[in-house]
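Text of upload.pdb, listed as PDB, C-alpha atoms and all ligand atoms:
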```
ATOM      1  CA  MET A   1       2.455 -48.664  23.006  1.00  0.00           C
ATOM      2  CA  LYS A   2       0.628 -46.738  20.283  1.00  0.00           C
ATOM      3  CA  SER A   3       2.951 -44.813  17.961  1.00  0.00           C
ATOM      4  CA  ILE A   4       3.555 -41.149  18.815  1.00  0.00           C
ATOM      5  CA  TYR A   5       2.701 -38.683  16.042  1.00  0.00           C
ATOM      6  CA  LEU A   6       4.237 -35.225  16.250  1.00  0.00           C
ATOM      7  CA  THR A   7       2.068 -32.574  14.620  1.00  0.00           C
ATOM      8  CA  GLY A   8       2.338 -28.811  14.279  1.00  0.00           C
ATOM      9  CA  PHE A   9       2.927 -25.985  11.864  1.00  0.00           C
ATOM     10  CA  MET A  10       5.880 -25.879   9.453  1.00  0.00           C
ATOM     11  CA  GLY A  11       8.897 -24.945  11.563  1.00  0.00           C
ATOM     12  CA  ALA A  12       7.371 -26.157  14.830  1.00  0.00           C
ATOM     13  CA  GLY A  13      10.322 -28.539  15.046  1.00  0.00           C
ATOM     14  CA  LYS A  14       8.590 -31.870  14.405  1.00  0.00           C
ATOM     15  CA  THR A  15      11.482 -33.325  12.390  1.00  0.00           C
ATOM     16  CA  THR A  16      14.186 -31.895  14.670  1.00  0.00           C
ATOM     17  CA  VAL A  17      12.494 -32.720  17.978  1.00  0.00           C
ATOM     18  CA  GLY A  18      11.303 -36.116  16.721  1.00  0.00           C
ATOM     19  CA  LYS A  19      14.843 -37.197  15.899  1.00  0.00           C
ATOM     20  CA  ALA A  20      16.126 -36.119  19.313  1.00  0.00           C
ATOM     21  CA  LEU A  21      13.123 -37.697  21.077  1.00  0.00           C
ATOM     22  CA  GLY A  22      13.650 -40.976  19.234  1.00  0.00           C
ATOM     23  CA  GLU A  23      17.280 -41.052  20.353  1.00  0.00           C
ATOM     24  CA  TYR A  24      16.350 -40.131  23.924  1.00  0.00           C
ATOM     25  CA  LEU A  25      13.556 -42.709  24.252  1.00  0.00           C
ATOM     26  CA  GLU A  26      15.370 -45.244  22.056  1.00  0.00           C
ATOM     27  CA  ILE A  27      12.350 -45.617  19.799  1.00  0.00           C
ATOM     28  CA  PRO A  28      12.551 -45.853  15.986  1.00  0.00           C
ATOM     29  CA  ILE A  29      11.476 -42.765  14.138  1.00  0.00           C
ATOM     30  CA  PHE A  30      10.080 -42.071  10.665  1.00  0.00           C
ATOM     31  CA  ASP A  31       9.680 -38.643   9.097  1.00  0.00           C
ATOM     32  CA  LEU A  32       6.682 -38.593   6.730  1.00  0.00           C
ATOM     33  CA  ASP A  33       8.128 -35.938   4.417  1.00  0.00           C
ATOM     34  CA  ALA A  34      11.365 -37.933   4.110  1.00  0.00           C
ATOM     35  CA  GLU A  35       9.383 -41.144   3.453  1.00  0.00           C
ATOM     36  CA  ILE A  36       7.362 -39.387   0.747  1.00  0.00           C
ATOM     37  CA  GLU A  37      10.552 -38.127  -0.908  1.00  0.00           C
ATOM     38  CA  LYS A  38      12.011 -41.650  -0.784  1.00  0.00           C
ATOM     39  CA  LYS A  39       8.884 -43.210  -2.259  1.00  0.00           C
ATOM     40  CA  GLU A  40       8.546 -40.629  -5.041  1.00  0.00           C
ATOM     41  CA  CYS A  41      12.317 -40.286  -5.627  1.00  0.00           C
ATOM     42  CA  CYS A  42      11.717 -36.566  -5.676  1.00  0.00           C
ATOM     43  CA  THR A  43      11.825 -33.587  -3.305  1.00  0.00           C
ATOM     44  CA  ILE A  44       8.603 -32.267  -1.768  1.00  0.00           C
ATOM     45  CA  GLN A  45       9.156 -29.066  -3.713  1.00  0.00           C
ATOM     46  CA  SER A  46       9.358 -30.920  -7.038  1.00  0.00           C
ATOM     47  CA  ILE A  47       6.259 -32.972  -6.208  1.00  0.00           C
ATOM     48  CA  PHE A  48       4.307 -29.739  -5.642  1.00  0.00           C
ATOM     49  CA  GLU A  49       5.732 -28.150  -8.806  1.00  0.00           C
ATOM     50  CA  ARG A  50       5.150 -31.160 -11.065  1.00  0.00           C
ATOM     51  CA  TYR A  51       1.889 -32.597  -9.777  1.00  0.00           C
ATOM     52  CA  GLY A  52       0.348 -30.045  -7.419  1.00  0.00           C
ATOM     53  CA  GLU A  53      -0.752 -30.074  -3.802  1.00  0.00           C
ATOM     54  CA  SER A  54      -3.687 -32.466  -4.144  1.00  0.00           C
ATOM     55  CA  TYR A  55      -1.401 -35.181  -5.552  1.00  0.00           C
ATOM     56  CA  PHE A  56       0.989 -34.577  -2.647  1.00  0.00           C
ATOM     57  CA  ARG A  57      -1.903 -34.943  -0.160  1.00  0.00           C
ATOM     58  CA  GLU A  58      -2.884 -38.304  -1.694  1.00  0.00           C
ATOM     59  CA  ILE A  59       0.649 -39.630  -1.283  1.00  0.00           C
ATOM     60  CA  GLU A  60       0.883 -38.150   2.223  1.00  0.00           C
ATOM     61  CA  SER A  61      -2.255 -40.006   3.374  1.00  0.00           C
ATOM     62  CA  ALA A  62      -1.075 -43.248   1.786  1.00  0.00           C
ATOM     63  CA  VAL A  63       2.370 -43.021   3.411  1.00  0.00           C
ATOM     64  CA  LEU A  64       0.832 -42.138   6.785  1.00  0.00           C
ATOM     65  CA  GLN A  65      -1.111 -45.380   6.688  1.00  0.00           C
ATOM     66  CA  GLU A  66       1.968 -47.415   5.754  1.00  0.00           C
ATOM     67  CA  MET A  67       3.891 -46.363   8.880  1.00  0.00           C
ATOM     68  CA  PRO A  68       4.105 -48.614  11.964  1.00  0.00           C
ATOM     69  CA  THR A  69       1.317 -47.850  14.418  1.00  0.00           C
ATOM     70  CA  GLU A  70       3.118 -49.325  17.438  1.00  0.00           C
ATOM     71  CA  ASN A  71       6.259 -48.302  19.331  1.00  0.00           C
ATOM     72  CA  THR A  72       7.395 -45.706  16.813  1.00  0.00           C
ATOM     73  CA  ILE A  73       7.659 -41.931  16.550  1.00  0.00           C
ATOM     74  CA  ILE A  74       6.233 -40.496  13.332  1.00  0.00           C
ATOM     75  CA  THR A  75       7.065 -36.890  12.545  1.00  0.00           C
ATOM     76  CA  THR A  76       4.324 -35.652  10.247  1.00  0.00           C
ATOM     77  CA  GLY A  77       4.254 -32.858   7.676  1.00  0.00           C
ATOM     78  CA  GLY A  78       2.631 -29.597   8.755  1.00  0.00           C
ATOM     79  CA  GLY A  79      -0.475 -30.239   6.652  1.00  0.00           C
ATOM     80  CA  ILE A  80      -1.323 -33.721   7.915  1.00  0.00           C
ATOM     81  CA  ILE A  81      -4.271 -32.435   9.937  1.00  0.00           C
ATOM     82  CA  CYS A  82      -5.919 -30.821   6.876  1.00  0.00           C
ATOM     83  CA  ARG A  83      -7.633 -34.027   5.781  1.00  0.00           C
ATOM     84  CA  ASN A  84     -10.390 -35.538   7.852  1.00  0.00           C
ATOM     85  CA  GLU A  85      -9.206 -39.004   6.789  1.00  0.00           C
ATOM     86  CA  ASN A  86      -5.799 -38.324   8.384  1.00  0.00           C
ATOM     87  CA  ARG A  87      -7.297 -36.832  11.535  1.00  0.00           C
ATOM     88  CA  GLN A  88      -9.446 -39.934  12.020  1.00  0.00           C
ATOM     89  CA  PHE A  89      -6.454 -42.184  11.451  1.00  0.00           C
ATOM     90  CA  LEU A  90      -4.373 -40.306  14.032  1.00  0.00           C
ATOM     91  CA  LYS A  91      -7.206 -40.315  16.540  1.00  0.00           C
ATOM     92  CA  VAL A  92      -7.727 -44.062  16.333  1.00  0.00           C
ATOM     93  CA  LYS A  93      -4.191 -45.301  15.796  1.00  0.00           C
ATOM     94  CA  GLY A  94      -1.921 -42.895  17.579  1.00  0.00           C
ATOM     95  CA  PHE A  95      -0.964 -40.655  20.441  1.00  0.00           C
ATOM     96  CA  VAL A  96      -0.763 -37.145  19.001  1.00  0.00           C
ATOM     97  CA  ILE A  97       1.610 -34.508  20.378  1.00  0.00           C
ATOM     98  CA  PHE A  98       1.048 -31.032  18.948  1.00  0.00           C
ATOM     99  CA  LEU A  99       4.254 -28.994  18.985  1.00  0.00           C
ATOM    100  CA  TYR A 100       3.079 -25.423  19.313  1.00  0.00           C
ATOM    101  CA  ALA A 101       5.185 -22.360  18.475  1.00  0.00           C
ATOM    102  CA  SER A 102       3.976 -18.775  18.245  1.00  0.00           C
ATOM    103  CA  GLU A 103       3.435 -17.360  14.756  1.00  0.00           C
ATOM    104  CA  GLU A 104       6.289 -14.911  15.300  1.00  0.00           C
ATOM    105  CA  GLU A 105       8.663 -17.706  16.272  1.00  0.00           C
ATOM    106  CA  ILE A 106       7.641 -19.787  13.245  1.00  0.00           C
ATOM    107  CA  TYR A 107       8.433 -16.830  11.018  1.00  0.00           C
ATOM    108  CA  ARG A 108      11.852 -16.360  12.670  1.00  0.00           C
ATOM    109  CA  ARG A 109      12.713 -20.057  12.284  1.00  0.00           C
ATOM    110  CA  LEU A 110      11.724 -20.166   8.613  1.00  0.00           C
ATOM    111  CA  ILE A 111      12.878 -16.739   7.483  1.00  0.00           C
ATOM    112  CA  GLU A 112      15.719 -18.189   5.363  1.00  0.00           C
ATOM    113  CA  ASP A 113      13.878 -21.336   4.298  1.00  0.00           C
ATOM    114  CA  LYS A 114      13.242 -21.951   0.607  1.00  0.00           C
ATOM    115  CA  THR A 115      12.142 -25.593   0.733  1.00  0.00           C
ATOM    116  CA  ARG A 116       8.504 -25.231   1.784  1.00  0.00           C
ATOM    117  CA  PRO A 117       6.357 -24.693  -1.302  1.00  0.00           C
ATOM    118  CA  LEU A 118       3.336 -23.320   0.580  1.00  0.00           C
ATOM    119  CA  LEU A 119       5.479 -20.479   1.913  1.00  0.00           C
ATOM    120  CA  SER A 120       6.934 -19.289  -1.402  1.00  0.00           C
ATOM    121  CA  GLY A 121       6.030 -15.692  -2.248  1.00  0.00           C
ATOM    122  CA  ASP A 122       4.904 -13.486   0.630  1.00  0.00           C
ATOM    123  CA  LYS A 123       6.146 -15.650   3.487  1.00  0.00           C
ATOM    124  CA  ARG A 124       4.767 -13.504   6.276  1.00  0.00           C
ATOM    125  CA  ALA A 125       1.229 -13.456   4.795  1.00  0.00           C
ATOM    126  CA  ASN A 126       1.300 -17.146   3.857  1.00  0.00           C
ATOM    127  CA  ILE A 127       2.345 -18.125   7.374  1.00  0.00           C
ATOM    128  CA  ALA A 128      -0.326 -15.871   8.902  1.00  0.00           C
ATOM    129  CA  ASN A 129      -3.134 -17.304   6.738  1.00  0.00           C
ATOM    130  CA  LEU A 130      -2.244 -20.959   7.171  1.00  0.00           C
ATOM    131  CA  TYR A 131      -1.402 -20.526  10.854  1.00  0.00           C
ATOM    132  CA  ASN A 132      -4.786 -18.995  11.702  1.00  0.00           C
ATOM    133  CA  GLU A 133      -6.632 -21.566   9.629  1.00  0.00           C
ATOM    134  CA  ARG A 134      -4.821 -24.537  11.140  1.00  0.00           C
ATOM    135  CA  LEU A 135      -4.224 -23.654  14.785  1.00  0.00           C
ATOM    136  CA  PRO A 136      -7.671 -24.789  16.008  1.00  0.00           C
ATOM    137  CA  ILE A 137      -7.331 -28.041  14.066  1.00  0.00           C
ATOM    138  CA  TYR A 138      -3.925 -28.868  15.596  1.00  0.00           C
ATOM    139  CA  ARG A 139      -5.413 -28.199  19.021  1.00  0.00           C
ATOM    140  CA  GLU A 140      -8.521 -30.289  18.492  1.00  0.00           C
ATOM    141  CA  SER A 141      -6.616 -33.269  17.150  1.00  0.00           C
ATOM    142  CA  ALA A 142      -3.995 -33.336  19.922  1.00  0.00           C
ATOM    143  CA  ASP A 143      -3.727 -35.676  22.888  1.00  0.00           C
ATOM    144  CA  MET A 144      -0.981 -33.453  24.309  1.00  0.00           C
ATOM    145  CA  ILE A 145       0.231 -29.936  23.545  1.00  0.00           C
ATOM    146  CA  ILE A 146       3.810 -28.781  24.091  1.00  0.00           C
ATOM    147  CA  ASP A 147       4.763 -25.129  23.723  1.00  0.00           C
ATOM    148  CA  THR A 148       8.180 -25.037  22.028  1.00  0.00           C
ATOM    149  CA  THR A 149       8.440 -21.242  21.847  1.00  0.00           C
ATOM    150  CA  GLY A 150      11.808 -20.062  23.130  1.00  0.00           C
ATOM    151  CA  LYS A 151      12.851 -23.564  24.237  1.00  0.00           C
ATOM    152  CA  SER A 152      15.868 -25.609  23.165  1.00  0.00           C
ATOM    153  CA  ILE A 153      15.422 -29.032  21.562  1.00  0.00           C
ATOM    154  CA  ARG A 154      16.808 -30.644  24.726  1.00  0.00           C
ATOM    155  CA  MET A 155      14.266 -28.829  26.920  1.00  0.00           C
ATOM    156  CA  ILE A 156      11.409 -29.837  24.631  1.00  0.00           C
ATOM    157  CA  VAL A 157      12.462 -33.491  24.630  1.00  0.00           C
ATOM    158  CA  GLN A 158      12.647 -33.520  28.420  1.00  0.00           C
ATOM    159  CA  GLU A 159       9.276 -31.818  28.718  1.00  0.00           C
ATOM    160  CA  ILE A 160       7.687 -34.388  26.397  1.00  0.00           C
ATOM    161  CA  HIS A 161       9.264 -37.184  28.429  1.00  0.00           C
ATOM    162  CA  THR A 162       7.871 -35.753  31.685  1.00  0.00           C
ATOM    163  CA  CYS A 163       4.420 -35.237  30.146  1.00  0.00           C
ATOM    164  CA  LEU A 164       4.364 -38.774  28.729  1.00  0.00           C
ATOM    165  CA  ASP A 165       5.207 -40.119  32.181  1.00  0.00           C
ATOM    166  CA  SER A 166       2.438 -38.127  33.856  1.00  0.00           C
ATOM    167  CA  SER A 167       0.021 -39.095  31.091  1.00  0.00           C
ATOM    168  CA  GLU A 168       0.786 -42.782  31.747  1.00  0.00           C
ATOM    169  CA  ASN A 169      -0.105 -42.110  35.377  1.00  0.00           C
ATOM    170  CA  GLY A 170      -3.495 -40.785  34.331  1.00  0.00           C
ATOM    171  CA  GLN A 171      -2.583 -37.081  34.401  1.00  0.00           C
ATOM    172  CA  ASN A 172      -2.287 -34.810  31.398  1.00  0.00           C
ATOM    173  CA  ASP A 173      -2.101 -31.152  32.253  1.00  0.00           C
ATOM    174  CA  CYS A 174       0.679 -30.173  29.849  1.00  0.00           C
ATOM    175  CA  ASP A 175       0.039 -26.790  28.233  1.00  0.00           C
ATOM    176  CA  LYS A 176      -3.706 -27.310  28.016  1.00  0.00           C
ATOM    177  CA  ASN A 177      -4.353 -23.597  27.725  1.00  0.00           C
ATOM    178  CA  ILE A 178      -2.437 -22.906  24.535  1.00  0.00           C
TER     179      ILE A 178
HETATM  180  N1  LIG A 201      12.965 -25.235  19.476  1.00  0.00           N
HETATM  181  C1  LIG A 201      13.600 -24.690  18.444  1.00  0.00           C
HETATM  182  N2  LIG A 201      14.343 -23.587  18.623  1.00  0.00           N
HETATM  183  C2  LIG A 201      14.992 -22.990  17.593  1.00  0.00           C
HETATM  184  N3  LIG A 201      14.955 -23.455  16.303  1.00  0.00           N
HETATM  185  C3  LIG A 201      14.237 -24.552  16.072  1.00  0.00           C
HETATM  186  C4  LIG A 201      13.517 -25.242  17.123  1.00  0.00           C
HETATM  187  N4  LIG A 201      12.873 -26.291  16.569  1.00  0.00           N
HETATM  188  C5  LIG A 201      13.176 -26.271  15.264  1.00  0.00           C
HETATM  189  N5  LIG A 201      13.988 -25.250  14.952  1.00  0.00           N
HETATM  190  C6  LIG A 201      14.524 -24.903  13.620  1.00  0.00           C
HETATM  191  O1  LIG A 201      13.411 -24.572  12.788  1.00  0.00           O
HETATM  192  C7  LIG A 201      13.615 -25.091  11.481  1.00  0.00           C
HETATM  193  C8  LIG A 201      12.465 -25.995  11.112  1.00  0.00           C
HETATM  194  O2  LIG A 201      12.471 -27.144  11.973  1.00  0.00           O
HETATM  195  P1  LIG A 201      11.863 -28.539  11.490  1.00  0.00           P
HETATM  196  O3  LIG A 201      12.318 -28.833  10.094  1.00  0.00           O
HETATM  197  O4  LIG A 201      12.180 -29.557  12.525  1.00  0.00           O
HETATM  198  O5  LIG A 201      10.329 -28.186  11.465  1.00  0.00           O
HETATM  199  P2  LIG A 201       9.109 -29.118  11.066  1.00  0.00           P
HETATM  200  O6  LIG A 201       8.083 -28.935  12.129  1.00  0.00           O
HETATM  201  O7  LIG A 201       9.568 -30.505  10.816  1.00  0.00           O
HETATM  202  O8  LIG A 201       8.571 -28.438   9.724  1.00  0.00           O
HETATM  203  P3  LIG A 201       7.762 -29.123   8.494  1.00  0.00           P
HETATM  204  O9  LIG A 201       6.308 -29.162   8.862  1.00  0.00           O
HETATM  205  O10 LIG A 201       7.938 -28.193   7.346  1.00  0.00           O
HETATM  206  O11 LIG A 201       8.316 -30.470   8.252  1.00  0.00           O
HETATM  207  C9  LIG A 201      14.983 -25.795  11.486  1.00  0.00           C
HETATM  208  O12 LIG A 201      15.952 -24.894  11.013  1.00  0.00           O
HETATM  209  C10 LIG A 201      15.208 -26.097  12.964  1.00  0.00           C
HETATM  210  O13 LIG A 201      16.576 -26.146  13.297  1.00  0.00           O
HETATM  211  O1  LIG A 202       2.343 -27.502   6.196  1.00  0.00           O
HETATM  212  C1  LIG A 202       2.298 -28.077   5.089  1.00  0.00           C
HETATM  213  O2  LIG A 202       1.264 -28.136   4.416  1.00  0.00           O
HETATM  214  C2  LIG A 202       3.513 -28.751   4.608  1.00  0.00           C
HETATM  215  C3  LIG A 202       4.541 -28.976   5.489  1.00  0.00           C
HETATM  216  C4  LIG A 202       5.754 -29.716   5.133  1.00  0.00           C
HETATM  217  O3  LIG A 202       6.101 -30.570   6.217  1.00  0.00           O
HETATM  218  C5  LIG A 202       5.582 -30.545   3.874  1.00  0.00           C
HETATM  219  O4  LIG A 202       4.775 -31.673   4.123  1.00  0.00           O
HETATM  220  C6  LIG A 202       4.955 -29.707   2.782  1.00  0.00           C
HETATM  221  O5  LIG A 202       5.838 -28.638   2.505  1.00  0.00           O
HETATM  222  C7  LIG A 202       3.576 -29.175   3.187  1.00  0.00           C
HETATM  223 MG    MG A 203       9.484 -31.769   9.174  1.00  0.00          MG
END
```

Please go through the file and, once you have read it, give me the structure as structure tokens.
Ligand SMILES: Nc1ncnc2c1ncn2[C@@H]1O[C@H](COP(=O)(O)OP(=O)(O)OP(=O)(O)O)[C@@H](O)[C@H]1O
Ligand SMILES: O=C(O)C1=C[C@@H](O)[C@@H](O)[C@H](O)C1
Ligand SMILES: [Mg+2]
Amino acid sequence: MKSIYLTGFMGAGKTTVGKALGEYLEIPIFDLDAEIEKKECCTIQSIFERYGESYFREIESAVLQEMPTENTIITTGGGIICRNENRQFLKVKGFVIFLYASEEEIYRRLIEDKTRPLLSGDKRANIANLYNERLPIYRESADMIIDTTGKSIRMIVQEIHTCLDSSENGQNDCDKNI
């Protein structure tokens, strides 16, 4: 089985859902942000502060390509779909599940968060700008879309499981209209 890559905006729940999905499906899981921090011995925030976003994006692409491409769940960072190189990699190597959440819900989930460098400053405006810019790209690069808005982690995991089953049977009608 090709590895499953969870994509979506910051706060969509990739890391949280991915961990629960890995436990449920008994599949190993890697979180790209955590792998980057391990490799650089440094938090994402410090990487941005010390070296800037473009350096971070280089490391992110390199780490993406180091991850197992079979029988694994990879929870990506919210910006993985920004680079064409990454989108091509995901398209060829993986099965991509876009975890959607409404902009309002993203804001609610991240209201107290101080760890995401791209949201420092005017959080509401930064979310709005990035969200509108990225939403079509998440959609286009997805093999499956799951709406997480207002759902518990358990519900989302079960929905993904059901959708994966129907996708294996040649059907994929999960949240196509988002
Ligand atoms: N379905 C959900 N319902 C309520 N809260 C959620 C849900 N999913 C995630 N959260 C909360 O939102 C916050 C962000 O979740 P998480 O870190 O998993 O997002 P992420 O998609 O991995 O973000 P990033 O792109 O920055 O890595 C956490 O506090 C998490 O508990
Ligand atoms: O959406 C983004 O661009 C990011 C999301 C996080 O997962 C981290 O990868 C980093 O904060 C950048
Ligand atoms: Mg995450």

- Task: Name the residues that the PyMOL selection byres (((chain A and resi 18) around 12) and not hetatm) pulls out of this structure, and write them as a PyMOL selection string.
- Result: chain A and resi 4-8+12-17+19-32+72-77+97-99+153-154+156-157+160-161

- Written as a PyMOL selection string, which residues does the PyMOL selection byres (((chain A and resi 119-127) around 12) and not hetatm) give for the file shown? chain A and resi 9-11+45+48-49+78+102-118+128-135

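For the pair atom CA of Glu53 of chain A and atom C1 of ligand LIG 202 (chain A), the separation is 9.6 Å.
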
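Atom to atom, atom CA of Asn86 of chain A and atom CA of Ile36 of chain A stand 15.3 Å apart.
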
- May I ask for the distance between atom C1 of ligand LIG 202 (chain A) and atom CA of Val92 of chain A, given in Å to one decimal place? 22.0 Å

- Task: Please write as a PyMOL selection string the full residue list that the PyMOL selection byres (((chain A and resi 59) around 12) and not hetatm) yields on this file.
- Result: chain A and resi 32-33+35-40+44+47-48+51-58+60-66+77+80+86

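Distances to ligand LIG 201 (chain A) were evaluated for A:Ser152, A:Gln88, A:Thr43, A:Ser3 using all atoms listed in the file, and the minimum falls at A:Ser152.
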
As JSON, please: the centre and edge lengths in Å, to one decimal, of an axis-aligned box enclosing every listed atom of ligand LIG 202 (chain A) with 5 Å added on each side.
```
{"center_x": 3.7, "center_y": -29.6, "center_z": 4.4, "size_x": 14.8, "size_y": 14.2, "size_z": 13.7}
```

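All residues of protein, DNA or RNA that reach within 12 Å of segment 166-170 of chain A, judged by all atoms listed in the file and not counting those fewer than 2 positions away in the chain, are Met1, Phe95, Ile97, Asp143, Met144, Ile145, Glu159, Ile160, His161, Thr162, Cys163, Leu164, Asn172, Asp173 and Cys174 of chain A.
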
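Of the listed residues A:Lys2, A:Gly79, A:Cys42, A:Gln171, the one whose atoms come nearest to ligand MG 203 (chain A) is A:Gly79, with distances taken using all atoms listed in the file.
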
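Compared by their closest atoms to ligand LIG 201 (chain A), and using all atoms listed in the file, the residues A:Cys41, A:Ile81, A:Ile137, A:Ala142 rank with A:Ile81 nearest.
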
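Distance annotation: of A:Asp165, A:Ala101, A:Gln158, A:Leu90, the residue with the minimal separation from ligand LIG 201 (chain A) is A:Ala101; atom set is only C-alpha atoms and all ligand atoms.
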
- Which of A:Pro136, A:Tyr100, A:Pro68, A:Lys91 sits closest to ligand LIG 201 (chain A) [using all atoms listed in the file]: A:Tyr100

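With distances taken over all atoms listed in the file, A:Arg83 is the one residue among A:Arg83, A:Lys93, A:Arg139, A:Lys151 lying closest to ligand LIG 202 (chain A).
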